[in-house]
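Undergrad: model_6.cif (mmCIF, C-alpha atoms) pasted underneath:
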```
data_structure
loop_
_atom_site.label_atom_id
_atom_site.label_comp_id
_atom_site.auth_asym_id
_atom_site.auth_seq_id
_atom_site.Cartn_x
_atom_site.Cartn_y
_atom_site.Cartn_z
CA MET A 262 103.49 115.00 103.29
CA VAL A 263 101.67 111.78 102.54
CA VAL A 264 98.94 112.21 99.95
CA TRP A 265 95.91 109.92 100.16
CA SER A 266 93.44 109.44 97.34
CA GLU A 267 89.73 109.22 98.16
CA GLN A 268 89.85 105.56 97.23
CA GLU A 269 92.72 104.87 99.63
CA ARG A 270 90.94 106.65 102.50
CA SER A 271 87.81 104.69 101.80
CA ILE A 272 89.70 101.39 101.72
CA ILE A 273 91.48 102.03 105.03
CA ASN A 274 88.32 103.19 106.78
CA SER A 275 86.39 100.24 105.46
CA ILE A 276 88.97 97.69 106.62
CA PHE A 277 89.06 99.10 110.15
CA ALA A 278 85.30 99.61 110.40
CA SER A 279 84.69 95.91 109.86
CA LEU A 280 87.78 94.67 111.70
CA ASP A 281 87.33 92.00 114.40
CA TYR A 282 90.07 93.26 116.73
CA ASP A 283 89.69 90.37 119.17
CA ASP A 284 90.38 87.90 116.37
CA ILE A 285 92.88 89.70 114.15
CA GLY A 286 95.01 91.29 116.91
CA PRO A 287 96.04 88.03 118.58
CA LYS A 288 96.48 86.27 115.22
CA ALA A 289 98.81 88.95 113.88
CA LEU A 290 101.00 89.09 116.99
CA CYS A 291 101.15 85.29 117.34
CA ARG A 292 102.14 84.92 113.70
CA CYS A 293 104.91 87.48 114.15
CA LEU A 294 106.30 85.66 117.21
CA ILE A 295 106.15 82.29 115.39
CA VAL A 296 107.40 83.34 111.95
CA TYR A 297 110.08 85.70 113.30
CA PRO A 298 111.03 84.09 116.62
CA TRP A 299 113.67 86.68 117.47
CA THR A 300 110.81 89.13 118.11
CA GLN A 301 110.11 87.09 121.25
CA ARG A 302 113.01 88.94 122.85
CA TYR A 303 110.59 91.74 123.74
CA PHE A 304 108.18 89.45 125.54
CA GLY A 305 110.29 88.05 128.36
CA GLY A 306 107.58 88.66 130.96
CA PHE A 307 104.74 87.18 128.95
CA GLY A 308 104.90 83.59 130.16
CA ASN A 309 105.18 80.47 128.03
CA LEU A 310 106.33 81.13 124.45
CA TYR A 311 108.07 77.79 124.13
CA ASN A 312 106.40 76.62 120.92
CA ALA A 313 103.72 77.66 118.43
CA GLU A 314 100.93 76.01 120.44
CA ALA A 315 101.98 77.79 123.63
CA ILE A 316 102.12 81.14 121.82
CA LYS A 317 98.70 80.63 120.22
CA THR A 318 97.05 79.81 123.56
CA ASN A 319 98.88 82.44 125.64
CA PRO A 320 96.25 84.87 127.02
CA MET A 321 98.80 87.65 127.72
CA ILE A 322 99.92 87.58 124.09
CA ALA A 323 96.32 87.62 122.89
CA ALA A 324 95.51 90.63 125.06
CA HIS A 325 98.61 92.43 123.84
CA GLY A 326 97.75 91.70 120.21
CA ILE A 327 94.38 93.40 120.69
CA LYS A 328 96.05 96.37 122.38
CA VAL A 329 98.60 96.81 119.57
CA LEU A 330 95.92 96.59 116.88
CA HIS A 331 93.85 99.26 118.61
CA GLY A 332 97.03 101.33 118.58
CA LEU A 333 96.38 101.81 114.87
CA ASP A 334 93.03 103.51 115.49
CA ARG A 335 94.55 106.93 115.98
CA ALA A 336 96.37 106.67 112.68
CA VAL A 337 93.12 105.80 110.91
CA LYS A 338 91.47 108.88 112.46
CA ASN A 339 94.43 111.14 111.63
CA MET A 340 95.62 109.88 108.28
CA ASP A 341 96.87 113.30 107.22
CA ASN A 342 99.12 113.65 110.22
CA ILE A 343 100.28 110.23 111.31
CA LYS A 344 103.83 111.42 111.96
CA ALA A 345 102.76 113.93 114.61
CA THR A 346 100.05 111.67 116.00
CA TYR A 347 102.61 108.97 116.79
CA ALA A 348 105.50 111.17 118.00
CA GLU A 349 104.95 110.22 121.65
CA LEU A 350 104.41 106.55 120.86
CA SER A 351 107.64 106.60 118.87
CA VAL A 352 109.56 108.02 121.81
CA MET A 353 108.04 105.35 124.04
CA HIS A 354 109.00 102.51 121.68
CA SER A 355 112.54 103.86 121.58
CA GLU A 356 113.24 105.05 125.12
CA LYS A 357 111.07 102.73 127.19
CA LEU A 358 110.54 99.57 125.14
CA HIS A 359 113.86 99.68 123.22
CA ILE A 360 112.34 97.95 120.20
CA ASP A 361 114.46 97.73 117.03
CA PRO A 362 112.31 99.59 114.46
CA ASP A 363 112.97 96.86 111.90
CA ASN A 364 110.51 94.77 113.91
CA PHE A 365 107.64 97.12 113.09
CA LYS A 366 107.85 96.03 109.47
CA LEU A 367 107.76 92.36 110.47
CA LEU A 368 104.56 92.83 112.45
CA ALA A 369 103.08 94.92 109.62
CA ASP A 370 103.77 92.10 107.14
CA CYS A 371 102.13 89.54 109.45
CA LEU A 372 99.08 91.80 109.87
CA THR A 373 98.80 92.10 106.08
CA ILE A 374 98.88 88.32 105.72
CA VAL A 375 96.30 87.76 108.48
CA ILE A 376 93.95 90.29 106.84
CA ALA A 377 94.55 88.62 103.44
CA ALA A 378 93.61 85.26 104.96
CA LYS A 379 90.44 86.78 106.47
CA MET A 380 89.33 88.61 103.31
CA GLY A 381 90.34 85.91 100.85
CA THR A 382 89.89 86.88 97.21
CA ALA A 383 88.33 90.16 98.36
CA PHE A 384 91.85 91.26 99.30
CA THR A 385 92.52 92.70 95.87
CA ALA A 386 95.76 94.32 94.71
CA ASP A 387 94.18 97.78 95.18
CA ILE A 388 93.31 96.99 98.76
CA GLN A 389 96.72 95.46 99.42
CA ALA A 390 98.44 98.54 97.99
CA ALA A 391 96.42 100.96 100.13
CA PHE A 392 96.76 98.88 103.28
CA GLN A 393 100.52 98.44 102.87
CA LYS A 394 100.93 102.16 102.15
CA PHE A 395 99.04 102.93 105.37
CA LEU A 396 101.14 100.48 107.40
CA SER A 397 104.41 101.79 105.96
CA VAL A 398 103.47 105.34 107.00
CA VAL A 399 102.68 104.06 110.51
CA VAL A 400 105.95 102.09 110.64
CA ASN A 401 107.86 105.15 109.53
CA ALA A 402 106.19 107.37 112.14
CA LEU A 403 106.93 104.89 114.92
CA GLY A 404 110.62 104.87 114.06
CA ARG A 405 110.85 108.62 113.56
CA GLN A 406 111.85 109.70 117.09
CA TYR A 407 114.64 107.17 117.55
CA HIS A 408 118.06 108.70 118.01
CA MET B 185 118.33 79.89 109.14
CA SER B 186 118.73 76.66 107.18
CA LEU B 187 115.83 74.30 106.53
CA SER B 188 115.26 71.61 109.13
CA SER B 189 113.64 68.32 108.17
CA LYS B 190 110.47 69.62 109.84
CA ASP B 191 110.57 72.72 107.60
CA LYS B 192 111.06 70.59 104.48
CA ALA B 193 108.13 68.35 105.41
CA ALA B 194 105.92 71.39 106.01
CA VAL B 195 106.91 72.92 102.66
CA LYS B 196 106.20 69.69 100.79
CA ALA B 197 102.84 69.31 102.55
CA LEU B 198 101.86 72.89 101.69
CA TRP B 199 103.07 72.55 98.10
CA ALA B 200 100.97 69.40 97.66
CA LYS B 201 97.91 71.55 98.40
CA LEU B 202 99.04 74.52 96.30
CA SER B 203 100.51 72.91 93.20
CA LYS B 204 97.22 72.48 91.33
CA SER B 205 96.64 76.23 91.59
CA ALA B 206 100.29 77.15 91.03
CA ASP B 207 99.67 79.02 87.76
CA ASP B 208 96.90 81.15 89.30
CA ILE B 209 99.01 81.86 92.37
CA GLY B 210 101.96 82.92 90.22
CA ALA B 211 99.87 85.20 88.00
CA ASP B 212 98.11 86.78 90.99
CA ALA B 213 101.36 87.34 92.93
CA LEU B 214 103.15 88.85 89.94
CA GLY B 215 100.27 91.15 88.97
CA ARG B 216 99.89 92.25 92.54
CA MET B 217 103.62 92.91 92.86
CA PHE B 218 103.64 95.23 89.83
CA GLN B 219 100.78 97.22 91.29
CA VAL B 220 101.91 97.37 94.93
CA TYR B 221 105.65 97.76 94.18
CA PRO B 222 105.88 99.75 90.93
CA SER B 223 109.70 99.69 90.94
CA THR B 224 109.52 96.00 90.03
CA LYS B 225 108.02 96.94 86.66
CA THR B 226 111.39 98.29 85.55
CA TYR B 227 112.49 94.74 84.69
CA PHE B 228 109.61 94.29 82.26
CA SER B 229 109.70 97.43 80.13
CA HIS B 230 109.66 95.14 77.08
CA TRP B 231 106.13 93.88 77.84
CA ASN B 232 103.10 95.65 76.46
CA ASP B 233 100.74 94.81 79.33
CA LEU B 234 101.64 94.41 83.00
CA SER B 235 98.10 94.55 84.34
CA ILE B 236 96.62 91.82 86.51
CA GLY B 237 95.27 89.00 84.40
CA SER B 238 97.08 90.03 81.23
CA GLY B 239 98.62 87.45 78.89
CA PRO B 240 102.27 88.24 79.67
CA VAL B 241 101.64 88.29 83.43
CA LYS B 242 99.81 84.94 83.37
CA LYS B 243 102.50 83.35 81.24
CA HIS B 244 105.31 84.62 83.43
CA GLY B 245 103.50 83.69 86.63
CA LYS B 246 103.44 80.11 85.34
CA THR B 247 107.17 80.27 84.58
CA VAL B 248 108.00 81.59 88.05
CA MET B 249 105.92 78.92 89.79
CA GLY B 250 107.62 76.29 87.65
CA GLY B 251 110.82 77.52 89.28
CA VAL B 252 109.27 77.21 92.74
CA GLY B 253 108.16 73.66 91.94
CA LEU B 254 111.68 72.84 90.79
CA ALA B 255 112.98 74.23 94.08
CA VAL B 256 110.56 72.06 96.09
CA ALA B 257 111.77 69.00 94.17
CA ASN B 258 115.37 69.97 94.95
CA ILE B 259 114.78 71.11 98.50
CA ASP B 260 117.68 69.04 99.82
CA ASP B 261 120.22 70.89 97.66
CA LEU B 262 118.82 74.15 96.33
CA VAL B 263 122.15 75.55 95.14
CA LYS B 264 122.75 72.46 92.98
CA GLY B 265 119.14 72.05 91.88
CA LEU B 266 118.74 75.72 90.85
CA PHE B 267 122.21 75.98 89.24
CA GLU B 268 120.98 76.98 85.78
CA LEU B 269 118.36 79.39 87.08
CA SER B 270 121.01 80.91 89.30
CA GLU B 271 123.32 81.53 86.36
CA LYS B 272 120.44 83.02 84.38
CA HIS B 273 119.57 85.46 87.17
CA ALA B 274 123.21 86.39 87.73
CA PHE B 275 124.43 86.95 84.19
CA GLU B 276 121.37 87.50 82.06
CA LEU B 277 118.49 88.87 84.17
CA ARG B 278 120.50 90.58 86.91
CA VAL B 279 117.45 91.20 89.08
CA ASP B 280 118.46 93.07 92.24
CA PRO B 281 118.08 90.45 95.02
CA ALA B 282 116.02 92.87 97.11
CA ASN B 283 113.20 92.11 94.69
CA PHE B 284 113.19 88.43 95.65
CA ARG B 285 111.95 89.46 99.10
CA ILE B 286 109.25 91.58 97.51
CA LEU B 287 107.97 88.73 95.31
CA THR B 288 108.20 86.33 98.28
CA HIS B 289 105.92 88.63 100.27
CA CYS B 290 103.39 88.81 97.44
CA LEU B 291 103.42 85.02 97.11
CA LEU B 292 102.74 84.67 100.84
CA VAL B 293 99.85 87.16 100.64
CA VAL B 294 98.27 85.26 97.73
CA VAL B 295 98.71 81.87 99.42
CA ALA B 296 97.15 83.30 102.62
CA SER B 297 94.19 84.69 100.68
CA LYS B 298 93.58 81.52 98.68
CA PHE B 299 94.40 78.90 101.33
CA PRO B 300 93.67 80.55 104.71
CA ALA B 301 93.07 77.26 106.52
CA ASP B 302 96.29 75.64 105.27
CA PHE B 303 98.52 78.70 105.69
CA THR B 304 98.90 78.33 109.45
CA PRO B 305 101.70 80.20 111.25
CA GLU B 306 103.72 76.95 111.21
CA ALA B 307 103.28 76.54 107.45
CA HIS B 308 104.04 80.26 107.01
CA VAL B 309 107.39 80.16 108.79
CA ALA B 310 108.51 77.06 106.88
CA PHE B 311 107.46 78.48 103.51
CA ASP B 312 109.05 81.88 104.26
CA LYS B 313 112.32 80.17 105.22
CA PHE B 314 112.11 78.07 102.05
CA LEU B 315 111.55 81.04 99.74
CA ALA B 316 114.40 82.90 101.47
CA ALA B 317 116.65 79.89 100.81
CA VAL B 318 115.48 79.82 97.17
CA SER B 319 116.28 83.54 96.85
CA LEU B 320 119.74 82.90 98.26
CA ALA B 321 120.32 80.04 95.81
CA LEU B 322 119.16 82.25 92.92
CA SER B 323 121.63 84.98 93.84
CA GLU B 324 124.44 82.49 94.47
CA LYS B 325 126.46 83.53 91.41
CA TYR B 326 125.85 87.27 91.57
CA ARG B 327 129.33 88.09 92.85
#
```
Please rewrite the model in this file as structure tokens.
TA:
Amino acid sequence: MVVWSEQERSIINSIFASLDYDDIGPKALCRCLIVYPWTQRYFGGFGNLYNAEAIKTNPMIAAHGIKVLHGLDRAVKNMDNIKATYAELSVMHSEKLHIDPDNFKLLADCLTIVIAAKMGTAFTADIQAAFQKFLSVVVNALGRQYH
Amino acid sequence: MSLSSKDKAAVKALWAKLSKSADDIGADALGRMFQVYPSTKTYFSHWNDLSIGSGPVKKHGKTVMGGVGLAVANIDDLVKGLFELSEKHAFELRVDPANFRILTHCLLVVVASKFPADFTPEAHVAFDKFLAAVSLALSEKYR
């Protein structure tokens, strides 16, 4: 059972309440595809990923980044039961998408860095700790149903 | 995943922008690491204060960034350039190499927060590759 302090809940809710999904979603996914190019293996049908410029201007990638970021909304609303909330999504990522769960951590790290860039010095150690704890619970839940 | 000449150029360009703030970056990254990854504190049980902004953390952050600067200067042969530091980490400090990845991540977070415009995805991948290569060079003599 994951235990959240009041401060951690407040930090997570605050980050997502003021999040610009249309900006952060694409940035996080693009960064992941550029910094960890092997993750491109899952995006065969997404058009031109030939270089960083192509990835950054690819509208399908941008749309998918927004979709993935919104995928976190249910975890924010159900912080005390993320494992159960994501059981179906975990099965989907395993059985349908066949994504190596190690990749979830890579995307989580890129999201952390994009948020750090957006918040600047406001991204304090407390906030980083809470945000990374949240993401690691999500990552864990998404890999839970793999067999 | 060795460093191409493009990677090296990107690292040098980024370092040129960062180096003036190296001490601050080091102190911030280290302090952050102790808070976000408490297991890393086990290597510093001899310090009296591991909080962000404390004397020991600031001093050590400067030391660590000095090492990064040395690595940048020796980017063409990290194993040779970091020989002494590698021996120190292998025989004296014996830091589990998994922690290098943790500190690398904290450094990237701090650089992103302080230099958002310069830390483009292209700069990010080059710097991440570089720090991974540095970590490898530091653990060269471990076994």
Undergrad: Could you give me the centre and size, in Å to one decimal, of an axis-aligned box around all listed atoms of segment 207-226 of chain B with 4 Å added on every side, as JSON?
TA:
```
{"center_x": 104.1, "center_y": 89.4, "center_z": 90.2, "size_x": 22.5, "size_y": 28.7, "size_z": 17.4}
```
Undergrad: The PyMOL selection byres ((chain B) within 12 of (chain A)) on the file shown: which residues, as a PDB file with C-alpha atoms, in the coordinates of the input?
TA:
```pdb
ATOM      1  CA  MET B 185     118.330  79.890 109.140  1.00  0.00           C
ATOM      2  CA  ASP B 191     110.570  72.720 107.600  1.00  0.00           C
ATOM      3  CA  ILE B 209      99.010  81.860  92.370  1.00  0.00           C
ATOM      4  CA  ASP B 212      98.110  86.780  90.990  1.00  0.00           C
ATOM      5  CA  ALA B 213     101.360  87.340  92.930  1.00  0.00           C
ATOM      6  CA  LEU B 214     103.150  88.850  89.940  1.00  0.00           C
ATOM      7  CA  GLY B 215     100.270  91.150  88.970  1.00  0.00           C
ATOM      8  CA  ARG B 216      99.890  92.250  92.540  1.00  0.00           C
ATOM      9  CA  MET B 217     103.620  92.910  92.860  1.00  0.00           C
ATOM     10  CA  PHE B 218     103.640  95.230  89.830  1.00  0.00           C
ATOM     11  CA  GLN B 219     100.780  97.220  91.290  1.00  0.00           C
ATOM     12  CA  VAL B 220     101.910  97.370  94.930  1.00  0.00           C
ATOM     13  CA  TYR B 221     105.650  97.760  94.180  1.00  0.00           C
ATOM     14  CA  PRO B 222     105.880  99.750  90.930  1.00  0.00           C
ATOM     15  CA  SER B 235      98.100  94.550  84.340  1.00  0.00           C
ATOM     16  CA  ILE B 236      96.620  91.820  86.510  1.00  0.00           C
ATOM     17  CA  GLY B 237      95.270  89.000  84.400  1.00  0.00           C
ATOM     18  CA  ARG B 285     111.950  89.460  99.100  1.00  0.00           C
ATOM     19  CA  ILE B 286     109.250  91.580  97.510  1.00  0.00           C
ATOM     20  CA  THR B 288     108.200  86.330  98.280  1.00  0.00           C
ATOM     21  CA  HIS B 289     105.920  88.630 100.270  1.00  0.00           C
ATOM     22  CA  CYS B 290     103.390  88.810  97.440  1.00  0.00           C
ATOM     23  CA  LEU B 291     103.420  85.020  97.110  1.00  0.00           C
ATOM     24  CA  LEU B 292     102.740  84.670 100.840  1.00  0.00           C
ATOM     25  CA  VAL B 293      99.850  87.160 100.640  1.00  0.00           C
ATOM     26  CA  VAL B 294      98.270  85.260  97.730  1.00  0.00           C
ATOM     27  CA  VAL B 295      98.710  81.870  99.420  1.00  0.00           C
ATOM     28  CA  ALA B 296      97.150  83.300 102.620  1.00  0.00           C
ATOM     29  CA  SER B 297      94.190  84.690 100.680  1.00  0.00           C
ATOM     30  CA  LYS B 298      93.580  81.520  98.680  1.00  0.00           C
ATOM     31  CA  PHE B 299      94.400  78.900 101.330  1.00  0.00           C
ATOM     32  CA  PRO B 300      93.670  80.550 104.710  1.00  0.00           C
ATOM     33  CA  ALA B 301      93.070  77.260 106.520  1.00  0.00           C
ATOM     34  CA  ASP B 302      96.290  75.640 105.270  1.00  0.00           C
ATOM     35  CA  PHE B 303      98.520  78.700 105.690  1.00  0.00           C
ATOM     36  CA  THR B 304      98.900  78.330 109.450  1.00  0.00           C
ATOM     37  CA  PRO B 305     101.700  80.200 111.250  1.00  0.00           C
ATOM     38  CA  GLU B 306     103.720  76.950 111.210  1.00  0.00           C
ATOM     39  CA  ALA B 307     103.280  76.540 107.450  1.00  0.00           C
ATOM     40  CA  HIS B 308     104.040  80.260 107.010  1.00  0.00           C
ATOM     41  CA  VAL B 309     107.390  80.160 108.790  1.00  0.00           C
ATOM     42  CA  ALA B 310     108.510  77.060 106.880  1.00  0.00           C
ATOM     43  CA  PHE B 311     107.460  78.480 103.510  1.00  0.00           C
ATOM     44  CA  ASP B 312     109.050  81.880 104.260  1.00  0.00           C
ATOM     45  CA  LYS B 313     112.320  80.170 105.220  1.00  0.00           C
TER      46      LYS B 313
END
```
Undergrad: Apply the PyMOL selection byres ((chain B and resi 248) around 12) to the file shown and report the selected residues as number ranges by chain.
TA: B: 206-214, 241-247, 249-255, 269, 284, 287-288, 291, 318
Undergrad: Going by the chain IDs and residue numbers used in this file, which residues fall under the PyMOL selection byres ((chain A and resi 352) around 12)? Write them as a ChimeraX atom specification.
TA: /A:344-351,353-360,362,402-408
Undergrad: So which residues are close to (87.8, 91.4, 118.6), meaning at most 12 Å away in the file's coordinates with all atoms listed in the file counted, and can you show them as a list in words?
TA: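 Residues with an atom close enough to that point: Phe277, Ala278, Ser279, Leu280, Asp281, Tyr282, Asp283, Asp284, Ile285, Gly286, Pro287, Lys288, Ala323, Ala324, Gly326, Ile327, Lys328, Leu330 and His331 of chain A.
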Undergrad: Please identify all polymer residues lying at most 10 Å from the point (118.6, 78.9, 87.8) (file coordinates), using all atoms listed in the file, and present the result as a PyMOL selection string.
TA: chain B and resi 251+254-255+262-274+318+321-325
Undergrad: Skipping near chain neighbours, those fewer than 6 positions away, what residues fall within 12 Å of Trp265 of chain A using only C-alpha atoms, listed as a ChimeraX atom specification?
TA: /A:271-273,337,339-343,390-392,394-395,398
Undergrad: One decimal, in Å: what's the spacing between atom CA of Arg302 of chain A and atom CA of Arg335 of chain A?
TA: 26.7 Å
Undergrad: Which one of A:Val263, A:Leu290, A:Ala369, A:Leu310 sits closest to His325 of chain A if you count only C-alpha atoms?
TA: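 So, comparing all the options, the nearest one is A:Leu290.
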Undergrad: Go ahead and compute the interatomic distance for atom CA of Ser186 of chain B and atom CA of Phe314 of chain B, in Å to one decimal.
TA: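 Atom CA of Phe314 of chain B lies at a distance of 8.5 Å from atom CA of Ser186 of chain B.
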Undergrad: Please complete segment 291-319 of chain A with N, CA and C atoms and give it back as a tab-separated table (two decimals), in the frame of the given file.
TA:
```
chain	number	residue	atom	x	y	z
A	291	CYS	N	100.69	86.69	117.25
A	291	CYS	CA	101.15	85.29	117.34
A	291	CYS	C	101.97	84.91	116.12
A	292	ARG	N	101.45	85.27	114.94
A	292	ARG	CA	102.14	84.92	113.70
A	292	ARG	C	103.53	85.55	113.68
A	293	CYS	N	103.62	86.78	114.13
A	293	CYS	CA	104.91	87.48	114.15
A	293	CYS	C	105.90	86.73	115.06
A	294	LEU	N	105.42	86.34	116.24
A	294	LEU	CA	106.30	85.66	117.21
A	294	LEU	C	106.71	84.27	116.73
A	295	ILE	N	105.85	83.63	115.89
A	295	ILE	CA	106.15	82.29	115.39
A	295	ILE	C	107.02	82.36	114.14
A	296	VAL	N	106.67	83.27	113.22
A	296	VAL	CA	107.40	83.34	111.95
A	296	VAL	C	108.76	84.03	112.13
A	297	TYR	N	108.82	84.99	113.04
A	297	TYR	CA	110.08	85.70	113.30
A	297	TYR	C	110.42	85.56	114.78
A	298	PRO	N	110.90	84.40	115.19
A	298	PRO	CA	111.03	84.09	116.62
A	298	PRO	C	111.91	85.05	117.41
A	299	TRP	N	112.81	85.75	116.72
A	299	TRP	CA	113.67	86.68	117.47
A	299	TRP	C	112.86	87.84	118.06
A	300	THR	N	111.65	88.06	117.54
A	300	THR	CA	110.81	89.13	118.11
A	300	THR	C	110.35	88.77	119.52
A	301	GLN	N	110.50	87.51	119.90
A	301	GLN	CA	110.11	87.09	121.25
A	301	GLN	C	110.98	87.75	122.31
A	302	ARG	N	112.09	88.33	121.89
A	302	ARG	CA	113.01	88.94	122.85
A	302	ARG	C	112.34	90.05	123.65
A	303	TYR	N	111.27	90.63	123.07
A	303	TYR	CA	110.59	91.74	123.74
A	303	TYR	C	109.49	91.28	124.67
A	304	PHE	N	109.32	89.96	124.78
A	304	PHE	CA	108.18	89.45	125.54
A	304	PHE	C	108.62	88.53	126.65
A	305	GLY	N	109.73	88.88	127.29
A	305	GLY	CA	110.29	88.05	128.36
A	305	GLY	C	109.32	87.82	129.51
A	306	GLY	N	108.49	88.80	129.81
A	306	GLY	CA	107.58	88.66	130.96
A	306	GLY	C	106.20	88.14	130.60
A	307	PHE	N	106.07	87.57	129.40
A	307	PHE	CA	104.74	87.18	128.95
A	307	PHE	C	104.42	85.71	129.11
A	308	GLY	N	105.23	85.00	129.92
A	308	GLY	CA	104.90	83.59	130.16
A	308	GLY	C	105.44	82.66	129.10
A	309	ASN	N	104.71	81.56	128.88
A	309	ASN	CA	105.18	80.47	128.03
A	309	ASN	C	105.09	80.80	126.54
A	310	LEU	N	106.30	80.92	125.90
A	310	LEU	CA	106.33	81.13	124.45
A	310	LEU	C	107.14	80.00	123.81
A	311	TYR	N	107.13	78.85	124.49
A	311	TYR	CA	108.07	77.79	124.13
A	311	TYR	C	107.90	77.23	122.72
A	312	ASN	N	106.63	77.11	122.28
A	312	ASN	CA	106.40	76.62	120.92
A	312	ASN	C	105.15	77.30	120.36
A	313	ALA	N	104.84	76.99	119.11
A	313	ALA	CA	103.72	77.66	118.43
A	313	ALA	C	102.42	77.48	119.20
A	314	GLU	N	102.16	76.27	119.69
A	314	GLU	CA	100.93	76.01	120.44
A	314	GLU	C	100.84	76.89	121.68
A	315	ALA	N	101.95	76.99	122.40
A	315	ALA	CA	101.98	77.79	123.63
A	315	ALA	C	101.70	79.25	123.31
A	316	ILE	N	102.31	79.74	122.22
A	316	ILE	CA	102.12	81.14	121.82
A	316	ILE	C	100.66	81.38	121.47
A	317	LYS	N	100.08	80.45	120.70
A	317	LYS	CA	98.70	80.63	120.22
A	317	LYS	C	97.69	80.59	121.34
A	318	THR	N	98.01	79.91	122.46
A	318	THR	CA	97.05	79.81	123.56
A	318	THR	C	97.40	80.73	124.73
A	319	ASN	N	98.44	81.56	124.57
A	319	ASN	CA	98.88	82.44	125.64
A	319	ASN	C	97.97	83.66	125.76
```
